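> This is the content of data_27.cif (mmCIF, C-alpha atoms):
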data_entry
loop_
_atom_site.label_atom_id
_atom_site.label_comp_id
_atom_site.auth_asym_id
_atom_site.auth_seq_id
_atom_site.Cartn_x
_atom_site.Cartn_y
_atom_site.Cartn_z
CA MET A 1 -5.02 -29.91 -6.02
CA LEU A 2 -6.42 -26.65 -4.69
CA HIS A 3 -8.89 -26.26 -1.85
CA THR A 4 -10.64 -23.00 -1.14
CA ARG A 5 -12.63 -21.74 1.82
CA VAL A 6 -14.41 -18.40 1.98
CA GLU A 7 -14.93 -16.45 5.18
CA SER A 8 -17.85 -14.24 4.28
CA GLY A 9 -18.44 -10.68 5.50
CA ASP A 10 -18.20 -7.15 4.15
CA THR A 11 -14.73 -8.06 2.97
CA PRO A 12 -14.74 -11.78 2.16
CA VAL A 13 -11.50 -13.66 2.78
CA ILE A 14 -10.65 -16.48 0.38
CA TYR A 15 -8.30 -19.03 1.94
CA LEU A 16 -6.35 -20.97 -0.66
CA GLU A 17 -4.69 -24.28 0.17
CA GLY A 18 -2.57 -26.41 -2.13
CA GLU A 19 -1.25 -25.93 -5.65
CA ILE A 20 -2.38 -23.39 -8.23
CA ASP A 21 -1.55 -24.64 -11.70
CA LEU A 22 -3.35 -25.28 -14.98
CA ASP A 23 -5.24 -28.13 -13.33
CA SER A 24 -6.69 -25.92 -10.60
CA VAL A 25 -7.09 -22.48 -12.20
CA GLU A 26 -10.82 -23.08 -12.65
CA THR A 27 -11.23 -23.77 -8.90
CA PHE A 28 -9.29 -20.57 -8.25
CA ARG A 29 -11.38 -18.63 -10.76
CA TRP A 30 -14.70 -19.72 -9.30
CA ALA A 31 -13.64 -19.12 -5.71
CA VAL A 32 -12.68 -15.53 -6.45
CA THR A 33 -15.65 -14.83 -8.71
CA ASP A 34 -18.12 -16.19 -6.15
CA ALA A 35 -16.53 -14.36 -3.23
CA LEU A 36 -16.60 -11.01 -4.99
CA ARG A 37 -20.24 -11.33 -5.99
CA GLY A 38 -21.97 -8.41 -4.26
CA ALA A 39 -18.76 -7.27 -2.53
CA THR A 40 -16.51 -4.33 -3.39
CA GLU A 41 -13.35 -5.95 -2.13
CA ALA A 42 -12.00 -9.34 -1.12
CA ILE A 43 -8.82 -10.70 0.39
CA LEU A 44 -6.89 -13.67 -0.95
CA ASP A 45 -4.95 -15.51 1.74
CA PHE A 46 -2.02 -17.45 0.30
CA SER A 47 -0.57 -18.80 3.55
CA ARG A 48 -1.28 -22.45 2.64
CA VAL A 49 -0.39 -22.24 -1.04
CA THR A 50 2.50 -24.61 -1.76
CA PHE A 51 2.93 -23.98 -5.48
CA ILE A 52 1.92 -21.48 -8.13
CA ASP A 53 2.93 -21.36 -11.77
CA SER A 54 2.45 -18.89 -14.61
CA SER A 55 -1.10 -20.11 -15.26
CA GLY A 56 -2.16 -19.23 -11.73
CA THR A 57 -0.14 -16.04 -11.64
CA GLY A 58 -1.54 -14.93 -14.99
CA LEU A 59 -5.08 -15.44 -13.78
CA LEU A 60 -4.36 -13.60 -10.54
CA VAL A 61 -2.94 -10.60 -12.43
CA ARG A 62 -5.92 -10.58 -14.73
CA PHE A 63 -8.31 -10.66 -11.77
CA CYS A 64 -6.53 -7.78 -10.03
CA LEU A 65 -6.49 -5.61 -13.15
CA ASP A 66 -10.04 -6.43 -14.25
CA TYR A 67 -11.50 -5.82 -10.79
CA LYS A 68 -9.53 -2.62 -10.37
CA ALA A 69 -10.96 -1.40 -13.68
CA GLN A 70 -14.45 -2.05 -12.27
CA GLY A 71 -13.71 -0.15 -9.04
CA LEU A 72 -13.36 -3.37 -7.03
CA GLN A 73 -10.32 -4.45 -5.08
CA LEU A 74 -8.64 -7.79 -4.62
CA ARG A 75 -5.96 -7.75 -1.93
CA LEU A 76 -3.33 -10.40 -1.29
CA ARG A 77 -1.81 -11.44 2.03
CA ASN A 78 0.45 -14.03 3.65
CA ILE A 79 2.44 -14.74 0.50
CA PRO A 80 4.81 -17.70 1.11
CA PRO A 81 8.41 -17.41 -0.16
CA MET A 82 7.85 -19.84 -3.05
CA VAL A 83 4.90 -17.84 -4.30
CA ASP A 84 6.72 -14.55 -3.71
CA ASP A 85 9.63 -15.83 -5.81
CA VAL A 86 7.32 -16.48 -8.74
CA PHE A 87 5.65 -13.09 -8.29
CA ALA A 88 9.09 -11.47 -8.34
CA MET A 89 10.09 -13.34 -11.50
CA LEU A 90 6.95 -12.11 -13.25
CA LYS A 91 6.99 -8.61 -11.74
CA VAL A 92 3.53 -9.04 -10.28
CA ARG A 93 3.87 -6.10 -7.86
CA ALA A 94 4.66 -3.76 -10.74
CA LEU A 95 1.74 -5.13 -12.74
CA VAL A 96 -0.97 -4.98 -10.09
CA GLY A 97 0.45 -2.27 -7.79
CA ASP A 98 1.90 -2.46 -4.28
CA GLU A 99 -1.46 -1.43 -2.82
CA ALA A 100 -2.82 -4.89 -3.67
CA PHE A 101 -0.42 -6.45 -1.15
CA LEU A 102 -1.41 -6.30 2.52
CA ASP A 103 2.04 -7.36 3.75
CA MET B 1 12.27 -28.91 -41.28
CA SER B 2 8.74 -27.95 -42.15
CA ALA B 3 6.93 -24.83 -41.14
CA PRO B 4 5.20 -24.57 -37.79
CA ALA B 5 1.42 -24.50 -37.88
CA THR B 6 0.00 -21.71 -39.97
CA GLY B 7 -2.99 -19.53 -39.26
CA ASN B 8 -1.58 -18.52 -35.87
CA PRO B 9 -1.26 -14.92 -34.74
CA ALA B 10 2.50 -15.34 -34.76
CA THR B 11 5.08 -17.74 -36.08
CA LEU B 12 8.77 -18.11 -35.42
CA GLN B 13 11.57 -18.61 -37.88
CA VAL B 14 15.13 -19.46 -37.02
CA MET B 15 18.00 -19.73 -39.46
CA ARG B 16 21.71 -20.27 -38.92
CA TYR B 17 24.42 -18.59 -40.96
CA ASP B 18 27.66 -20.57 -40.98
CA ALA B 19 30.49 -18.10 -41.58
CA ARG B 20 33.06 -20.72 -42.59
CA ARG B 21 30.86 -22.35 -45.19
CA GLY B 22 28.88 -19.24 -46.11
CA THR B 23 25.69 -21.31 -45.81
CA LEU B 24 22.27 -20.54 -44.37
CA GLU B 25 20.49 -23.44 -42.61
CA VAL B 26 16.81 -23.38 -41.72
CA ILE B 27 16.29 -24.51 -38.10
CA VAL B 28 12.66 -23.51 -37.53
CA GLY B 29 10.01 -22.37 -39.97
CA ASP B 30 9.46 -22.07 -43.67
CA PRO B 31 12.26 -20.51 -45.71
CA ALA B 32 10.11 -20.00 -48.80
CA GLY B 33 10.28 -16.42 -49.97
CA LEU B 34 12.97 -15.36 -47.55
CA PRO B 35 15.69 -13.31 -49.25
CA ARG B 36 18.54 -15.62 -48.29
CA GLN B 37 21.24 -13.50 -49.88
CA ILE B 38 20.19 -10.41 -47.92
CA LEU B 39 19.90 -12.41 -44.71
CA ALA B 40 23.38 -13.86 -45.21
CA GLN B 41 24.80 -10.38 -45.82
CA ARG B 42 23.15 -9.00 -42.69
CA ALA B 43 24.37 -11.99 -40.67
CA ALA B 44 27.92 -11.47 -41.91
CA GLU B 45 27.68 -7.78 -40.95
CA ALA B 46 26.49 -8.68 -37.45
CA MET B 47 29.39 -11.11 -37.08
CA ARG B 48 31.92 -8.51 -38.23
CA ALA B 49 30.43 -5.98 -35.82
CA ARG B 50 30.24 -8.67 -33.10
CA SER B 51 26.97 -7.08 -32.24
CA PHE B 52 23.48 -8.34 -31.59
CA ILE B 53 21.31 -6.51 -34.16
CA CYS B 54 17.52 -6.31 -34.19
CA HIS B 55 15.40 -4.79 -36.92
CA THR B 56 11.73 -3.97 -36.87
CA THR B 57 10.20 -3.88 -40.30
CA ASP B 58 6.86 -3.79 -42.01
CA ASP B 59 8.55 -4.53 -45.31
CA ASP B 60 7.79 -8.20 -45.82
CA ALA B 61 9.46 -8.12 -49.24
CA LEU B 62 12.79 -7.25 -47.64
CA LEU B 63 13.02 -9.50 -44.63
CA GLY B 64 9.77 -11.42 -44.54
CA ALA B 65 9.32 -10.63 -40.88
CA ASP B 66 7.92 -8.04 -38.51
CA GLU B 67 10.93 -8.30 -36.23
CA ILE B 68 14.24 -9.97 -36.94
CA CYS B 69 17.33 -10.40 -34.78
CA PHE B 70 20.86 -11.32 -35.88
CA ILE B 71 22.79 -12.90 -33.03
CA PRO B 72 26.48 -13.55 -33.69
CA ARG B 73 28.04 -16.57 -32.00
CA ALA B 74 31.59 -17.87 -32.29
CA ASP B 75 31.55 -19.15 -35.84
CA ARG B 76 27.96 -18.59 -36.83
CA CYS B 77 25.07 -16.19 -36.61
CA GLU B 78 21.61 -17.18 -35.43
CA ILE B 79 18.81 -15.34 -37.22
CA VAL B 80 15.60 -15.28 -35.19
CA SER B 81 12.52 -13.67 -36.66
CA ILE B 82 8.89 -13.33 -35.80
CA HIS B 83 5.97 -13.06 -38.18
CA THR B 84 3.06 -11.53 -36.37
CA ASN B 85 0.58 -12.31 -39.14
CA GLY B 86 -1.25 -9.03 -38.76
CA TRP B 87 -1.29 -9.12 -34.95
CA ARG B 88 -0.50 -5.85 -33.26
CA ARG B 89 0.15 -4.86 -29.68
CA HIS B 90 -2.98 -4.87 -27.61
CA HIS B 91 -2.77 -1.64 -25.62
CA GLY B 92 -3.84 -1.92 -22.00
CA ASP B 93 -3.34 -5.64 -21.92
CA HIS B 94 -0.98 -6.86 -19.25
CA ARG B 95 0.35 -9.60 -21.47
CA ARG B 96 3.78 -8.98 -22.83
CA SER B 97 3.86 -8.19 -26.50
CA LEU B 98 5.13 -10.67 -29.02
CA VAL B 99 8.01 -8.43 -29.93
CA GLU B 100 9.11 -8.16 -26.31
CA ILE B 101 9.07 -11.94 -26.08
CA LEU B 102 11.05 -12.24 -29.29
CA ASN B 103 13.63 -9.85 -27.90
CA ASP B 104 13.83 -11.91 -24.71
CA LEU B 105 14.35 -15.07 -26.78
CA ALA B 106 17.02 -13.38 -28.90
CA ALA B 107 18.77 -12.06 -25.77
CA ALA B 108 18.71 -15.58 -24.31
CA VAL B 109 20.36 -16.89 -27.48
CA ALA B 110 22.98 -14.14 -27.25
CA ARG B 111 23.69 -15.04 -23.60
CA GLY B 112 24.02 -18.70 -24.53
CA THR B 113 21.02 -19.68 -22.39
CA LEU B 114 18.82 -20.70 -25.32
CA SER B 115 19.74 -22.67 -28.38
CA PHE B 116 17.61 -23.84 -31.27
CA LEU B 117 18.42 -27.38 -32.36
CA ASP B 118 18.25 -28.98 -35.76
CA ASP B 119 17.31 -32.67 -36.10
CA GLU B 120 20.86 -33.99 -35.69
CA GLU B 121 21.57 -31.81 -32.69
CA LEU B 122 18.31 -32.90 -31.06
CA ALA B 123 19.24 -36.57 -31.43
CA ALA B 124 22.68 -35.97 -29.95
CA VAL B 125 21.54 -33.85 -27.00
CA SER B 126 18.66 -36.20 -26.20
CA ALA B 127 21.00 -39.19 -25.98
CA GLU B 128 23.59 -37.69 -23.65
CA GLY B 129 23.90 -39.04 -20.10
CA ARG B 130 21.64 -41.67 -18.55
CA GLU B 131 17.89 -41.71 -18.11
CA ILE B 132 16.65 -41.78 -14.54
CA PHE B 133 12.93 -41.18 -15.01
CA ALA B 134 10.28 -41.09 -17.73
CA CYS B 135 6.53 -40.49 -17.73
CA THR B 136 3.72 -39.46 -20.03
CA ILE B 137 1.80 -36.23 -19.57
CA GLU B 138 -1.73 -36.80 -20.77
CA ASP B 139 -3.82 -34.19 -18.99
CA THR B 140 -3.63 -31.38 -16.46
CA ALA B 141 -3.92 -33.88 -13.60
CA SER B 142 -0.52 -35.26 -14.72
CA LEU B 143 1.23 -31.99 -13.91
CA ALA B 144 1.39 -32.53 -10.16
CA GLY B 145 2.74 -36.03 -10.75
CA ALA B 146 5.51 -34.70 -12.99
CA ARG B 147 6.47 -32.15 -10.35
CA ALA B 148 6.45 -34.80 -7.64
CA ALA B 149 8.70 -37.04 -9.73
CA VAL B 150 11.20 -34.23 -10.23
CA ALA B 151 11.09 -33.44 -6.53
CA GLN B 152 11.78 -37.07 -5.60
CA VAL B 153 14.68 -37.40 -8.03
CA LEU B 154 16.21 -34.17 -6.75
CA LYS B 155 15.72 -35.22 -3.15
CA ASN B 156 17.59 -38.44 -3.90
CA GLN B 157 20.38 -36.33 -5.41
CA HIS B 158 20.51 -34.13 -2.27
CA VAL B 159 19.71 -30.99 -4.21
CA SER B 160 19.04 -27.81 -2.24
CA ASP B 161 15.43 -26.81 -1.60
CA ASP B 162 15.79 -23.64 -3.64
CA ALA B 163 17.19 -25.42 -6.70
CA ARG B 164 14.55 -28.12 -6.34
CA ARG B 165 11.69 -25.63 -6.26
CA ARG B 166 13.00 -23.80 -9.30
CA LEU B 167 13.44 -27.00 -11.30
CA GLU B 168 9.97 -28.20 -10.34
CA LEU B 169 8.56 -24.87 -11.48
CA CYS B 170 10.41 -24.96 -14.81
CA VAL B 171 9.35 -28.54 -15.53
CA SER B 172 5.80 -27.60 -14.64
CA GLU B 173 5.90 -24.65 -17.04
CA ALA B 174 7.31 -26.80 -19.84
CA THR B 175 4.75 -29.57 -19.36
CA THR B 176 1.93 -27.01 -19.08
CA ASN B 177 3.00 -25.44 -22.37
CA MET B 178 3.02 -28.92 -23.88
CA LEU B 179 -0.57 -29.53 -22.79
CA VAL B 180 -1.82 -26.14 -23.94
CA HIS B 181 0.11 -25.73 -27.17
CA GLY B 182 1.52 -29.15 -27.99
CA GLY B 183 -1.43 -31.15 -29.13
CA GLY B 184 -2.59 -32.17 -25.66
CA GLY B 185 0.16 -34.33 -24.26
CA GLY B 186 3.56 -35.96 -24.59
CA THR B 187 6.43 -37.26 -22.51
CA MET B 188 8.77 -35.98 -19.83
CA ARG B 189 12.12 -37.64 -19.27
CA LEU B 190 14.86 -36.86 -16.78
CA ARG B 191 18.50 -37.59 -17.52
CA LEU B 192 21.69 -37.08 -15.58
CA VAL B 193 24.46 -35.65 -17.75
CA GLY B 194 27.48 -35.33 -15.48
CA ALA B 195 26.48 -32.72 -12.91
CA LEU B 196 23.50 -31.60 -14.98
CA LEU B 197 19.91 -32.62 -14.53
CA ARG B 198 18.32 -32.59 -17.97
CA ALA B 199 14.54 -32.60 -18.39
CA ILE B 200 13.33 -33.47 -21.88
CA VAL B 201 9.72 -32.49 -22.55
CA ALA B 202 8.46 -33.64 -25.94
CA ASP B 203 5.11 -33.53 -27.69
CA ARG B 204 3.79 -34.61 -31.08
CA GLY B 205 1.80 -31.45 -31.63
CA PRO B 206 1.73 -29.27 -34.73
CA GLY B 207 4.93 -27.42 -33.84
CA LEU B 208 5.44 -24.35 -31.76
CA SER B 209 3.20 -21.57 -32.96
CA PHE B 210 5.43 -19.33 -30.83
CA ILE B 211 2.58 -17.60 -29.11
CA ASN B 212 -1.06 -18.26 -29.71
CA TRP B 213 -2.92 -15.48 -27.98
CA THR B 214 -6.26 -16.87 -29.07
CA ASP B 215 -5.80 -20.20 -27.35
CA GLU B 216 -7.90 -20.72 -24.29
CA ALA B 217 -6.11 -22.85 -21.73
CA GLY B 218 -8.53 -24.90 -19.66
CA GLY B 219 -11.38 -22.87 -21.08
CA ALA B 220 -9.89 -19.65 -19.79
CA LYS B 221 -7.64 -17.13 -21.46
CA GLN B 222 -4.21 -17.56 -19.96
CA PRO B 223 -1.09 -15.57 -20.75
CA SER B 224 0.92 -18.62 -19.76
CA MET B 225 3.15 -18.99 -22.78
CA GLY B 226 5.12 -15.79 -22.48
CA TYR B 227 5.27 -15.94 -18.70
CA GLY B 228 6.19 -19.62 -18.74
CA TYR B 229 9.10 -19.08 -21.10
CA LYS B 230 10.33 -16.18 -19.00
CA ILE B 231 10.38 -18.38 -15.90
CA ILE B 232 12.18 -21.15 -17.77
CA LEU B 233 14.81 -18.88 -19.29
CA ASP B 234 15.43 -17.04 -16.01
CA ASN B 235 15.96 -20.15 -13.90
CA LEU B 236 17.96 -22.54 -16.02
CA GLU B 237 21.51 -22.58 -17.25
CA ARG B 238 20.64 -23.87 -20.68
CA VAL B 239 17.48 -24.45 -22.68
CA HIS B 240 17.40 -26.23 -26.04
CA LEU B 241 14.41 -25.99 -28.34
CA HIS B 242 13.51 -28.09 -31.36
CA THR B 243 10.20 -27.58 -33.13
CA GLY B 244 8.61 -28.61 -36.38
CA ASP B 245 5.49 -30.18 -37.78
CA GLU B 246 6.26 -33.45 -35.97
CA GLY B 247 6.25 -31.85 -32.57
CA THR B 248 8.21 -29.73 -30.15
CA THR B 249 10.96 -30.75 -27.74
CA LEU B 250 12.13 -28.52 -24.96
CA ILE B 251 15.29 -29.56 -23.12
CA LEU B 252 16.01 -27.97 -19.76
CA ASP B 253 19.44 -28.12 -18.12
CA ARG B 254 20.44 -27.14 -14.61
CA THR B 255 23.48 -28.10 -12.58
CA ILE B 256 22.50 -29.93 -9.41
#
Before anything else, please render the file you have as C-alpha cells.

Amino acid sequence: MLHTRVESGDTPVIYLEGEIDLDSVETFRWAVTDALRGATEAILDFSRVTFIDSSGTGLLVRFCLDYKAQGLQLRLRNIPPMVDDVFAMLKVRALVGDEAFLD
Amino acid sequence: MSAPATGNPATLQVMRYDARRGTLEVIVGDPAGLPRQILAQRAAEAMRARSFICHTTDDDALLGADEICFIPRADRCEIVSIHTNGWRRHHGDHRRSLVEILNDLAAAVARGTLSFLDDEELAAVSAEGREIFACTIEDTASLAGARAAVAQVLKNQHVSDDARRRLELCVSEATTNMLVHGGGGGTMRLRLVGALLRAIVADRGPGLSFINWTDEAGGAKQPSMGYGYKIILDNLERVHLHTGDEGTTLILDRTI
C-alpha cells in the first residue's frame, strides 16, 4: 500500500509512504504526474518508503529521464537504506544522474 | 519440452550437451531446425577450451539464433541462445537490451548461480527439504502478503535483517514476474532444505517468453523483467528455472 501527500508550491514536494510495487505503481504514477502539472520541477521524498521493487524503480527511472528530456526536473531526497540498496543494484544514479539526488 | 509462446519479441532456447554420452538435450524451447551437429561440435570445442564462448550472428541458417552462448560445466556444456524475432536495440531507451540480459543469464550459468532444469530435475529439486509455507498469488494485492509471509518465516528462523530484506525483495520480484508474464497468477511455496531457504514460485502460464517488451504491466510499460532478474541473480546463491508450455517455475535458494 502506498500513500502520497503533495505539498504544493513553486517546487511541489511529493511525500511517499509505504510500499512501491506493482500493486501501487499507478498511485505513484498519478501522484508524480499531478504534482508536476504546471511545475518545472518537483521533489520526491522517500523518507517513509519501506519497500521498492523493480516495478517502482523502473517507473521512477522512466519519470526522471522523460521529464529531463522535456526540460523538467524530478529530484529525490531522504532515500532510506533499503531503497538505496535497490537503487544501487539497478545503478539508478548512473541512469538518472547524480544531480537528481538531493542528498 | 515444448516451445515457449511464439509471437514474442524474443524467445529463449537452452540445450545441454553431455560430453560423456555425446548427446544434446533440449531444456527450453523448440529444437526444430537447429543444426544439432554444429551445436554439439561448438559445445565440445568450448569444453576443450574450458572457455565461456558467445557468438552474435544474423545467420539463422547456421545457429538459428541472434546470440548464442556455450557455457562449459564439469561434464556438460549448457547452450543458451536468444531469438530476438526481428527486435533490435532501442537506442536511447534506458531498458537493458535483450542481448545484455542474455549475457547476464549466461554469466550466471557460468558462475553456477543459475541453472535450467529439465522435468526430472524440477521434480527432484521441488521435493527436497520440508515445506513450511504455501500460498496462491492471484493479483497484485497478493504481493504484499507474500512478502509478509517470507518476512515472518525468516523472523522465526532468526535471519538477519539484511538477508530478510533481500529475500523479501527477490520473492517479490519472482511473484511480480509471475503476475505480469505468467498468465496472471500461481503459487509460492517456501521450503527449508538444510540451511537453505528455498522459495518455489510456479505459474501455469504459456512459458517464459524471456522478455516481452510489449507487455504493459498494470496498464503501464514497465521494464520489470530485466531488472527483476538482475535483482534475483545478484542476491541469491542459486536460482533454478524451468519453463515450458505448461508454465514456469522459478526456484530461489539462499542460505539463512
> Determine which residues of chain A sit within 7 Å of chain B, taking into account only C-alpha atoms, and present them as a PyMOL selection string.
chain A and resi 22-23+53-55+58-59+89-90
> I need the residue nearest Val26 of chain B from this list: B:His242, B:Arg198, B:Arg204, B:Arg130. Use all atoms listed in the file for the distance.
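Closest to Val26 of chain B of all the choices is B:His242.
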> Quick one: everything within 6 Å of segment 77-84 of chain A, counting all atoms listed in the file, minus sequence neighbours fewer than 6 positions away in the same chain. Send it as a PyMOL selection string.
chain A and resi 45-47+102-103
> Do you know which residues the PyMOL selection byres ((chain A and resi 99) around 12) returns on this file, as a PDB file with C-alpha atoms, in the frame of the given file?

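File selection-v5.pdb, as written:
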ATOM      1  CA  CYS A  64      -6.530  -7.780 -10.030  1.00  0.00           C
ATOM      2  CA  LYS A  68      -9.530  -2.620 -10.370  1.00  0.00           C
ATOM      3  CA  GLN A  73     -10.320  -4.450  -5.080  1.00  0.00           C
ATOM      4  CA  LEU A  74      -8.640  -7.790  -4.620  1.00  0.00           C
ATOM      5  CA  ARG A  75      -5.960  -7.750  -1.930  1.00  0.00           C
ATOM      6  CA  LEU A  76      -3.330 -10.400  -1.290  1.00  0.00           C
ATOM      7  CA  ARG A  77      -1.810 -11.440   2.030  1.00  0.00           C
ATOM      8  CA  VAL A  92       3.530  -9.040 -10.280  1.00  0.00           C
ATOM      9  CA  ARG A  93       3.870  -6.100  -7.860  1.00  0.00           C
ATOM     10  CA  ALA A  94       4.660  -3.760 -10.740  1.00  0.00           C
ATOM     11  CA  LEU A  95       1.740  -5.130 -12.740  1.00  0.00           C
ATOM     12  CA  VAL A  96      -0.970  -4.980 -10.090  1.00  0.00           C
ATOM     13  CA  GLY A  97       0.450  -2.270  -7.790  1.00  0.00           C
ATOM     14  CA  ASP A  98       1.900  -2.460  -4.280  1.00  0.00           C
ATOM     15  CA  ALA A 100      -2.820  -4.890  -3.670  1.00  0.00           C
ATOM     16  CA  PHE A 101      -0.420  -6.450  -1.150  1.00  0.00           C
ATOM     17  CA  LEU A 102      -1.410  -6.300   2.520  1.00  0.00           C
ATOM     18  CA  ASP A 103       2.040  -7.360   3.750  1.00  0.00           C
TER      19      ASP A 103
END
> Between A:Lys91, A:Ser8, A:Thr40, A:Phe51, which one has atoms that come closest to Tyr67 of chain A, using only C-alpha atoms?
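The closest residue to Tyr67 of chain A is A:Thr40.
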> May I ask which of the residues B:Met188, B:Leu241, B:Ala49, B:Cys69 is the closest one to Cys135 of chain B, counting only C-alpha atoms?
B:Met188
> Just want the 12 Å neighbourhood of Leu72 of chain A, counted on all atoms listed in the file, with same-chain residues fewer than 4 positions away dropped. Output as a ChimeraX atom specification.
/A:11,33,36-43,63-68,100
> Grab the atom CA of Leu236 of chain B to atom CA of Thr175 of chain B distance for me, in Å with one decimal place.
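Result for atom CA of Leu236 of chain B versus atom CA of Thr175 of chain B: 15.3 Å, one decimal.
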> Could you check the closest approach to Lys155 of chain B for each of B:Gly129, B:Ile256, B:Glu67, B:Val109 and tell me which residue wins, using all atoms listed in the file?
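Ranked by minimum distance to Lys155 of chain B, first place goes to B:Ile256.
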> Rank nothing, just name the residue among A:Met1, A:Ala88, A:Leu60, A:Leu44 nearest to Leu16 of chain A, using all atoms listed in the file.
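Selected residue with least distance to Leu16 of chain A: A:Leu44.
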> In Å to one decimal, how far is atom CA of Val86 of chain A from atom CA of Ile20 of chain A?
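The value is 11.9 Å.
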> Starting from the shown file, work through the PyMOL selection byres ((chain B and resi 253) around 8) and note down what comes out as a PDB file with C-alpha atoms, keeping the file's coordinate frame.

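Generated file (selection_12.pdb):
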ATOM      1  CA  LEU B 196      23.500 -31.600 -14.980  1.00  0.00           C
ATOM      2  CA  LEU B 197      19.910 -32.620 -14.530  1.00  0.00           C
ATOM      3  CA  ARG B 198      18.320 -32.590 -17.970  1.00  0.00           C
ATOM      4  CA  ALA B 199      14.540 -32.600 -18.390  1.00  0.00           C
ATOM      5  CA  LEU B 236      17.960 -22.540 -16.020  1.00  0.00           C
ATOM      6  CA  GLU B 237      21.510 -22.580 -17.250  1.00  0.00           C
ATOM      7  CA  ARG B 238      20.640 -23.870 -20.680  1.00  0.00           C
ATOM      8  CA  VAL B 239      17.480 -24.450 -22.680  1.00  0.00           C
ATOM      9  CA  ILE B 251      15.290 -29.560 -23.120  1.00  0.00           C
ATOM     10  CA  LEU B 252      16.010 -27.970 -19.760  1.00  0.00           C
ATOM     11  CA  ARG B 254      20.440 -27.140 -14.610  1.00  0.00           C
ATOM     12  CA  THR B 255      23.480 -28.100 -12.580  1.00  0.00           C
TER      13      THR B 255
END
> Quick one: pull the distance between atom CA of Cys77 of chain B and atom CA of Tyr17 of chain B, Å, one decimal.
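Interatomic distance, atom CA of Cys77 of chain B to atom CA of Tyr17 of chain B: 5.0 Å.
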> Find the residue from B:Leu190, B:Asp203, B:Ala123, B:Ala195 that sits nearest to Met178 of chain B; use all atoms listed in the file when measuring.
B:Asp203
> Determine the axis-aligned bounding box of all atoms of segment 2-13 of chain A present in the file, pad each side by 4 Å, and express its centre and edge lengths in Å to one decimal place as lines of an AutoDock Vina configuration file.

center_x = -12.4
center_y = -16.9
center_z = 0.4
size_x = 20.0
size_y = 27.5
size_z = 18.2
> Neighbours of Gln152 of chain B within 12 Å (all atoms listed in the file; same-chain residues fewer than 4 positions away dropped), as a ChimeraX atom specification?
/B:132-133,145-148,156-159,161,164-165,167-168,190
> Convert the output of the PyMOL selection byres ((chain B and resi 185) around 6) on the shown file into explicit residues, formatted as a list in words.
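Expected selection for the PyMOL selection byres ((chain B and resi 185) around 6) here is Ile137, Glu138, Leu179, Gly184 and Gly186 of chain B.
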> Mind filling out segment 195-210 of chain B with N, CA and C atoms and sending it as a PDB file, keeping the file's coordinate frame?

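File part-v8.pdb, as written:
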ATOM      1  N   ALA B 195      27.089 -33.424 -14.052  1.00  0.00           N
ATOM      2  CA  ALA B 195      26.480 -32.720 -12.910  1.00  0.00           C
ATOM      3  C   ALA B 195      25.166 -32.046 -13.288  1.00  0.00           C
ATOM      4  N   LEU B 196      24.741 -32.249 -14.516  1.00  0.00           N
ATOM      5  CA  LEU B 196      23.500 -31.600 -14.980  1.00  0.00           C
ATOM      6  C   LEU B 196      22.301 -32.511 -14.786  1.00  0.00           C
ATOM      7  N   LEU B 197      21.187 -31.928 -14.387  1.00  0.00           N
ATOM      8  CA  LEU B 197      19.910 -32.620 -14.530  1.00  0.00           C
ATOM      9  C   LEU B 197      19.281 -32.092 -15.811  1.00  0.00           C
ATOM     10  N   ARG B 198      18.920 -32.980 -16.681  1.00  0.00           N
ATOM     11  CA  ARG B 198      18.320 -32.590 -17.970  1.00  0.00           C
ATOM     12  C   ARG B 198      16.893 -33.105 -18.034  1.00  0.00           C
ATOM     13  N   ALA B 199      15.945 -32.212 -18.195  1.00  0.00           N
ATOM     14  CA  ALA B 199      14.540 -32.600 -18.390  1.00  0.00           C
ATOM     15  C   ALA B 199      14.214 -32.441 -19.867  1.00  0.00           C
ATOM     16  N   ILE B 200      13.668 -33.492 -20.457  1.00  0.00           N
ATOM     17  CA  ILE B 200      13.330 -33.470 -21.880  1.00  0.00           C
ATOM     18  C   ILE B 200      11.817 -33.599 -22.007  1.00  0.00           C
ATOM     19  N   VAL B 201      11.185 -32.536 -22.453  1.00  0.00           N
ATOM     20  CA  VAL B 201       9.720 -32.490 -22.550  1.00  0.00           C
ATOM     21  C   VAL B 201       9.367 -32.465 -24.034  1.00  0.00           C
ATOM     22  N   ALA B 202       8.688 -33.509 -24.490  1.00  0.00           N
ATOM     23  CA  ALA B 202       8.460 -33.640 -25.940  1.00  0.00           C
ATOM     24  C   ALA B 202       6.992 -33.918 -26.244  1.00  0.00           C
ATOM     25  N   ASP B 203       6.485 -33.259 -27.267  1.00  0.00           N
ATOM     26  CA  ASP B 203       5.110 -33.530 -27.690  1.00  0.00           C
ATOM     27  C   ASP B 203       5.105 -33.866 -29.184  1.00  0.00           C
ATOM     28  N   ARG B 204       3.955 -34.317 -29.655  1.00  0.00           N
ATOM     29  CA  ARG B 204       3.790 -34.610 -31.080  1.00  0.00           C
ATOM     30  C   ARG B 204       2.757 -33.667 -31.667  1.00  0.00           C
ATOM     31  N   GLY B 205       2.743 -32.460 -31.173  1.00  0.00           N
ATOM     32  CA  GLY B 205       1.800 -31.450 -31.630  1.00  0.00           C
ATOM     33  C   GLY B 205       2.198 -30.878 -32.985  1.00  0.00           C
ATOM     34  N   PRO B 206       1.517 -29.827 -33.400  1.00  0.00           N
ATOM     35  CA  PRO B 206       1.730 -29.270 -34.730  1.00  0.00           C
ATOM     36  C   PRO B 206       2.944 -28.360 -34.843  1.00  0.00           C
ATOM     37  N   GLY B 207       3.781 -28.317 -33.828  1.00  0.00           N
ATOM     38  CA  GLY B 207       4.930 -27.420 -33.840  1.00  0.00           C
ATOM     39  C   GLY B 207       4.598 -26.148 -33.098  1.00  0.00           C
ATOM     40  N   LEU B 208       5.634 -25.544 -32.575  1.00  0.00           N
ATOM     41  CA  LEU B 208       5.440 -24.350 -31.760  1.00  0.00           C
ATOM     42  C   LEU B 208       4.905 -23.208 -32.613  1.00  0.00           C
ATOM     43  N   SER B 209       3.757 -22.708 -32.224  1.00  0.00           N
ATOM     44  CA  SER B 209       3.200 -21.570 -32.960  1.00  0.00           C
ATOM     45  C   SER B 209       3.733 -20.274 -32.385  1.00  0.00           C
ATOM     46  N   PHE B 210       4.761 -20.416 -31.528  1.00  0.00           N
ATOM     47  CA  PHE B 210       5.430 -19.330 -30.830  1.00  0.00           C
ATOM     48  C   PHE B 210       4.529 -18.791 -29.741  1.00  0.00           C
TER      49      PHE B 210
END
